[in-house]
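Shown below: input.csv, with CSV, C-alpha atoms.
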```csv
chain,number,residue,atom,x,y,z
A,1,ASP,CA,-13.5,9.0,-14.1
A,2,GLY,CA,-10.5,10.1,-12.1
A,3,GLY,CA,-7.9,7.6,-11.2
A,4,ILE,CA,-4.5,6.1,-11.8
A,5,THR,CA,-3.7,4.2,-15.0
A,6,GLN,CA,-0.9,1.7,-15.1
A,7,SER,CA,0.3,0.1,-18.3
A,8,PRO,CA,1.0,-2.5,-19.5
A,9,LYS,CA,-0.8,-4.9,-17.3
A,10,TYR,CA,1.7,-7.7,-18.1
A,11,LEU,CA,5.3,-7.1,-19.1
A,12,PHE,CA,8.2,-9.4,-19.9
A,13,ARG,CA,11.8,-8.6,-19.6
A,14,LYS,CA,14.7,-10.3,-21.3
A,15,GLU,CA,18.1,-10.6,-19.7
A,16,GLY,CA,20.1,-7.4,-19.7
A,17,GLN,CA,17.1,-5.3,-20.9
A,18,ASN,CA,15.7,-2.2,-19.3
A,19,VAL,CA,11.9,-1.9,-19.2
A,20,THR,CA,9.7,1.1,-18.3
A,21,LEU,CA,6.4,0.8,-16.5
A,22,SER,CA,3.9,3.7,-17.1
A,23,CYS,CA,1.9,5.4,-14.4
A,24,GLU,CA,-0.5,8.3,-15.2
A,25,GLN,CA,-2.9,10.0,-12.8
A,26,ASN,CA,-5.7,12.5,-13.5
A,27,LEU,CA,-6.5,13.2,-9.8
A,28,ASN,CA,-4.4,16.4,-9.7
A,29,HIS,CA,-2.3,14.8,-6.9
A,30,ASP,CA,1.1,16.2,-6.1
A,31,ALA,CA,2.7,13.1,-4.6
A,32,MET,CA,3.3,9.8,-6.4
A,33,TYR,CA,4.8,6.5,-5.3
A,34,TRP,CA,6.0,3.1,-6.7
A,35,TYR,CA,5.6,0.0,-4.6
A,36,ARG,CA,6.8,-3.5,-5.3
A,37,GLN,CA,4.7,-6.5,-4.2
A,38,ASP,CA,6.1,-10.0,-3.7
A,39,PRO,CA,4.1,-12.9,-2.6
A,40,GLY,CA,4.1,-13.2,1.2
A,41,GLN,CA,6.1,-10.0,1.7
A,42,GLY,CA,3.6,-7.2,1.5
A,43,LEU,CA,4.5,-4.0,-0.4
A,44,ARG,CA,7.8,-2.2,-0.3
A,45,LEU,CA,8.5,1.3,-1.4
A,46,ILE,CA,10.8,1.8,-4.4
A,47,TYR,CA,10.7,5.6,-5.1
A,48,TYR,CA,8.4,8.5,-4.3
A,49,SER,CA,7.9,12.0,-5.5
A,50,GLN,CA,6.3,14.8,-3.6
A,51,ILE,CA,6.5,17.4,-6.4
A,52,VAL,CA,7.4,17.7,-10.1
A,53,ASN,CA,11.1,17.4,-10.9
A,54,ASP,CA,11.9,15.9,-7.4
A,55,PHE,CA,11.9,12.4,-6.2
A,56,GLN,CA,13.5,10.3,-3.3
A,57,LYS,CA,14.6,6.8,-2.9
A,58,GLY,CA,12.5,4.4,-0.9
A,59,ASP,CA,13.5,1.2,0.8
A,60,ILE,CA,14.5,-0.8,-2.3
A,61,ALA,CA,15.6,1.7,-5.0
A,62,GLU,CA,18.6,-0.2,-6.2
A,63,GLY,CA,18.2,-1.3,-9.8
A,64,TYR,CA,15.3,1.1,-10.5
A,65,SER,CA,15.1,4.7,-11.8
A,66,VAL,CA,12.2,7.2,-12.1
A,67,SER,CA,11.5,10.6,-13.5
A,68,ARG,CA,8.8,13.2,-12.7
A,69,GLU,CA,8.7,15.7,-15.6
A,70,LYS,CA,5.0,16.1,-15.4
A,71,LYS,CA,2.6,16.2,-12.5
A,72,GLU,CA,0.5,13.5,-14.1
A,73,SER,CA,3.2,11.0,-14.9
A,74,PHE,CA,5.7,9.0,-12.8
A,75,PRO,CA,7.3,6.3,-15.0
A,76,LEU,CA,9.4,3.6,-13.4
A,77,THR,CA,12.4,2.0,-15.3
A,78,VAL,CA,13.5,-1.4,-14.2
A,79,THR,CA,17.2,-1.6,-15.2
A,80,SER,CA,19.4,-4.6,-16.0
A,81,ALA,CA,21.0,-4.0,-12.6
A,82,GLN,CA,17.8,-5.3,-10.9
A,83,LYS,CA,18.6,-9.0,-10.6
A,84,ASN,CA,15.3,-10.1,-9.4
A,85,PRO,CA,12.7,-8.0,-11.1
A,86,THR,CA,9.8,-10.5,-11.2
A,87,ALA,CA,7.1,-8.9,-9.1
A,88,PHE,CA,3.8,-7.0,-9.1
A,89,TYR,CA,4.4,-3.2,-9.3
A,90,LEU,CA,1.9,-0.8,-7.9
A,91,CYS,CA,1.8,2.9,-8.5
A,92,ALA,CA,0.0,5.2,-6.1
A,93,SER,CA,-0.7,8.9,-5.5
A,94,SER,CA,-1.8,11.2,-2.7
A,95,ILE,CA,-3.0,14.8,-2.6
A,96,GLY,CA,0.0,16.5,-0.9
A,97,THR,CA,-0.9,20.0,0.3
A,98,GLY,CA,1.7,22.8,1.0
A,99,GLY,CA,4.6,20.4,1.6
A,100,PHE,CA,2.6,18.0,3.7
A,101,ILE,CA,1.5,14.7,2.2
A,102,SER,CA,-1.9,13.3,2.5
A,103,GLU,CA,-2.0,9.9,4.1
A,104,LYS,CA,-4.6,8.3,1.9
A,105,LEU,CA,-3.1,6.6,-1.1
A,106,PHE,CA,-4.9,5.9,-4.3
A,107,PHE,CA,-3.6,2.9,-6.2
A,108,GLY,CA,-3.5,1.8,-9.8
A,109,SER,CA,-4.3,-1.8,-10.8
A,110,GLY,CA,-0.7,-2.8,-11.1
A,111,THR,CA,1.8,-4.2,-13.7
A,112,GLN,CA,3.0,-7.8,-13.4
A,113,LEU,CA,6.6,-8.0,-14.6
A,114,SER,CA,8.2,-11.3,-15.4
A,115,VAL,CA,11.6,-12.3,-16.6
A,116,LEU,CA,11.9,-14.4,-19.8
B,117,ALA,CA,12.8,0.6,12.2
B,118,GLN,CA,9.1,0.3,11.7
B,119,LYS,CA,7.6,-3.1,11.3
B,120,VAL,CA,4.1,-4.5,10.8
B,121,THR,CA,3.2,-8.1,11.4
B,122,GLN,CA,0.1,-9.9,10.2
B,123,ALA,CA,0.4,-13.3,11.6
B,124,GLN,CA,-2.4,-14.8,9.7
B,125,THR,CA,-1.3,-15.7,6.2
B,126,GLU,CA,-4.7,-17.1,5.1
B,127,ILE,CA,-8.1,-17.3,6.6
B,128,SER,CA,-11.0,-19.2,5.3
B,129,VAL,CA,-14.6,-18.7,6.5
B,130,VAL,CA,-18.1,-19.5,5.5
B,131,GLU,CA,-20.4,-16.7,4.6
B,132,LYS,CA,-22.1,-14.9,7.5
B,133,GLU,CA,-19.3,-15.8,9.9
B,134,ASP,CA,-17.5,-13.1,11.8
B,135,VAL,CA,-13.7,-12.9,11.1
B,136,THR,CA,-10.9,-10.9,12.8
B,137,LEU,CA,-7.7,-10.0,11.0
B,138,ASP,CA,-4.8,-9.3,13.4
B,139,CYS,CA,-2.2,-6.6,13.0
B,140,VAL,CA,0.7,-5.9,15.4
B,141,TYR,CA,3.1,-3.1,14.8
B,142,GLU,CA,6.5,-1.8,16.0
B,143,THR,CA,7.6,1.8,15.9
B,144,ARG,CA,9.7,4.2,17.9
B,145,ASP,CA,7.7,7.2,16.8
B,146,THR,CA,5.3,8.8,19.2
B,147,THR,CA,3.2,10.1,16.4
B,148,TYR,CA,2.2,7.6,13.7
B,149,TYR,CA,-0.7,6.5,11.6
B,150,LEU,CA,-2.2,3.0,11.0
B,151,PHE,CA,-4.1,1.9,7.9
B,152,TRP,CA,-6.0,-1.0,6.5
B,153,TYR,CA,-6.2,-1.5,2.7
B,154,LYS,CA,-8.1,-4.1,0.8
B,155,GLN,CA,-6.7,-5.7,-2.4
B,156,PRO,CA,-9.4,-7.5,-4.5
B,157,PRO,CA,-8.5,-9.8,-7.3
B,158,SER,CA,-8.4,-6.8,-9.7
B,159,GLY,CA,-5.1,-5.8,-8.1
B,160,GLU,CA,-5.5,-2.2,-6.9
B,161,LEU,CA,-5.4,-1.5,-3.2
B,162,VAL,CA,-8.5,0.2,-1.7
B,163,PHE,CA,-8.2,2.4,1.4
B,164,LEU,CA,-10.4,1.3,4.3
B,165,ILE,CA,-9.4,3.2,7.3
B,166,ARG,CA,-6.7,5.5,8.8
B,167,ARG,CA,-6.1,6.0,12.5
B,168,ASN,CA,-3.6,8.2,14.2
B,169,SER,CA,-1.7,7.2,17.4
B,170,PHE,CA,-3.5,9.7,19.6
B,171,ASP,CA,-7.0,8.4,18.8
B,172,GLU,CA,-7.7,5.0,20.4
B,173,GLN,CA,-11.4,5.1,19.8
B,174,ASN,CA,-12.7,2.0,18.1
B,175,GLU,CA,-14.5,2.6,14.8
B,176,ILE,CA,-17.4,0.9,13.1
B,177,SER,CA,-18.3,1.3,9.5
B,178,GLY,CA,-21.2,-0.9,8.5
B,179,ARG,CA,-20.0,-4.5,8.8
B,180,TYR,CA,-16.4,-3.4,9.4
B,181,SER,CA,-14.9,-2.5,12.8
B,182,TRP,CA,-11.4,-1.7,14.0
B,183,ASN,CA,-9.9,-2.1,17.5
B,184,PHE,CA,-6.8,0.0,18.2
B,185,GLN,CA,-5.0,-0.9,21.4
B,186,LYS,CA,-1.8,1.1,21.9
B,187,SER,CA,-0.9,-0.9,25.0
B,188,THR,CA,-0.5,-4.0,22.9
B,189,SER,CA,0.5,-2.2,19.7
B,190,SER,CA,-2.3,-3.8,17.8
B,191,PHE,CA,-4.8,-2.6,15.3
B,192,ASN,CA,-7.2,-5.5,14.5
B,193,PHE,CA,-9.9,-5.5,11.9
B,194,THR,CA,-13.2,-7.4,12.2
B,195,ILE,CA,-15.7,-8.1,9.5
B,196,THR,CA,-19.1,-9.0,10.8
B,197,ALA,CA,-21.4,-11.4,8.9
B,198,SER,CA,-18.8,-11.9,6.1
B,199,GLN,CA,-19.8,-12.0,2.5
B,200,VAL,CA,-18.3,-13.5,-0.6
B,201,VAL,CA,-17.4,-10.0,-1.9
B,202,ASP,CA,-15.1,-9.6,1.2
B,203,SER,CA,-12.7,-12.2,-0.3
B,204,ALA,CA,-9.5,-10.3,-0.9
B,205,VAL,CA,-6.0,-9.7,0.5
B,206,TYR,CA,-6.0,-7.3,3.4
B,207,PHE,CA,-3.0,-5.2,4.4
B,208,CYS,CA,-2.3,-3.4,7.6
B,209,ALA,CA,0.2,-0.5,7.2
B,210,LEU,CA,2.1,2.0,9.4
B,211,SER,CA,3.3,5.5,8.5
B,212,GLU,CA,5.6,7.9,10.1
B,213,ALA,CA,4.4,11.4,10.6
B,214,ASN,CA,6.3,14.7,10.1
B,215,ALA,CA,6.6,17.4,12.7
B,216,GLY,CA,3.2,18.8,11.8
B,217,GLY,CA,1.5,15.5,12.5
B,218,THR,CA,0.5,14.9,9.0
B,219,SER,CA,1.4,11.5,7.6
B,220,TYR,CA,3.6,11.0,4.6
B,221,GLY,CA,2.5,8.4,2.0
B,222,LYS,CA,5.5,6.3,2.8
B,223,LEU,CA,3.9,3.2,4.3
B,224,THR,CA,5.4,0.1,5.9
B,225,PHE,CA,3.1,-2.8,5.0
B,226,GLY,CA,2.4,-6.1,6.7
B,227,GLN,CA,2.7,-9.3,4.7
B,228,GLY,CA,-1.1,-9.3,4.1
B,229,THR,CA,-3.8,-11.8,5.0
B,230,ILE,CA,-5.7,-13.6,2.3
B,231,LEU,CA,-9.3,-13.9,3.3
B,232,THR,CA,-11.5,-16.3,1.4
B,233,VAL,CA,-15.3,-16.3,2.2
B,234,HIS,CA,-17.1,-19.4,0.9
B,235,PRO,CA,-20.8,-19.3,0.0
```
Could you take the file, read its structure, and then write that structure out as structure tokens?
Amino acid sequence: DGGITQSPKYLFRKEGQNVTLSCEQNLNHDAMYWYRQDPGQGLRLIYYSQIVNDFQKGDIAEGYSVSREKKESFPLTVTSAQKNPTAFYLCASSIGTGGFISEKLFFGSGTQLSVL
Amino acid sequence: AQKVTQAQTEISVVEKEDVTLDCVYETRDTTYYLFWYKQPPSGELVFLIRRNSFDEQNEISGRYSWNFQKSTSSFNFTITASQVVDSAVYFCALSEANAGGTSYGKLTFGQGTILTVHP
């Protein structure tokens, strides 16, 4: 079945540690996104990528980094500079055709990150 | 800046009741897109509907219907004859459009409304 796979489902981070959240899609989508969900605040965009080897900052990129070396993969690293990393992280993708981006997003099932 | 407000944090209904989820948005764009997504307990968001700013027709899909009113900047969602399986968090979202009129995947989300349908 086609879809988006996020791993792990739960992740714990120690003080000063970098952690990486995995996102893989087999939908052959060009565009991928990372959103952060906090209780009562909805979702906020961290980074997005419209094509391989290219990505842009979203609204809350500070303390995060990404890479897009393969079309299928868009890992998110939460660095030690992110002082409040506890949240639910959602990866999404969309088709993206000829430089335009499809508006319908397909989401993974998320990763809950907590600080020890 | 774009903003989406879902004033109802939580709604609780009994099965078979009708329920309306409110969504009010703010944008300076003349071309934009509005969405509703459902987040069941499993966590992933599921797309429900997309509407562009030039299409104010209401839409009905089974027990779901949407009322888009540009004059009041609202895009409300109604579930008729609610069922327990409708229990989820529902998000309204807004997206800017590029010059070609196609939406990016960069969405501004509302805070979400937690809907609980009791048997």
- Using all atoms listed in the file, the shortest atom-to-atom distance to Gln25 in chain A among A:Gln37, A:Thr77, A:Gln6, A:Asn84 belongs to A:Gln6
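The environment of Gln155 in chain B within 8 Å, counting all atoms listed in the file and disregarding residues fewer than 5 places along the same chain, consists of Glu160, Leu161, Val162, Ala204, Val205, Tyr206 and Phe207 of chain B.
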- Would you work out the distance separating CA of Leu137 in chain B from CA of Gly178 in chain B, expressed in Å to one decimal?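 CA of Leu137 in chain B sits 16.5 Å away from CA of Gly178 in chain B.
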- Message: I'd like the neighbourhood of range 48-51 of chain A as a VMD selection string, where a residue qualifies if any of its atoms comes within 12 Å (using all atoms listed in the file), though same-chain residues fewer than 2 positions away should be ignored.
- Response: (chain A and resid 28 to 35 44 to 46 53 to 61 64 to 76 90 to 102) or (chain B and resid 220 to 223)
- Compare B:Ser169, B:Thr232, B:Thr136, B:Thr224 by their minimum atom-to-atom distance to chain A, counting all atoms listed in the file, and give me the closest one.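 Among the listed residues, B:Thr224 lies closest to chain A.
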- Item | Polymer residues at most 9 Å from Glu133 in chain B, all atoms listed in the file, same-chain spacing of 3 or more positions, as a VMD selection string | chain B and resid 129 to 130 195 to 199 233
- Query: When distances are computed from all atoms listed in the file, which of B:Asp202, B:Val120, B:Leu150, B:Phe225 shows the smallest separation from chain A?
  - Reply: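 The shortest atom-to-atom distance to chain A comes from B:Phe225.
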- Task: Do me a favour and pick out the residues of chain B within 12 Å of chain A, using all atoms listed in the file, as JSON, numbers by chain.
- Result: {"B": [117, 118, 119, 120, 121, 122, 123, 124, 125, 126, 148, 149, 150, 151, 152, 153, 154, 155, 156, 157, 158, 159, 160, 161, 162, 163, 164, 165, 166, 167, 168, 205, 206, 207, 208, 209, 210, 211, 212, 213, 214, 215, 216, 217, 218, 219, 220, 221, 222, 223, 224, 225, 226, 227, 228, 229, 230]}
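With CA of Lys186 in chain B on one side and CA of Ser128 in chain B on the other, the separation reads 27.8 Å.
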- Query: Hey, can you check how far CA of Gly3 in chain A sits from CA of Ser177 in chain B?
  - Reply: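 CA of Ser177 in chain B lies 24.0 Å from CA of Gly3 in chain A.
Near Gly63 in chain A, within 7 Å and counting all atoms listed in the file, sit Val78, Thr79, Ala81 and Gln82 of chain A, not including residues fewer than 3 positions from it in the same chain.
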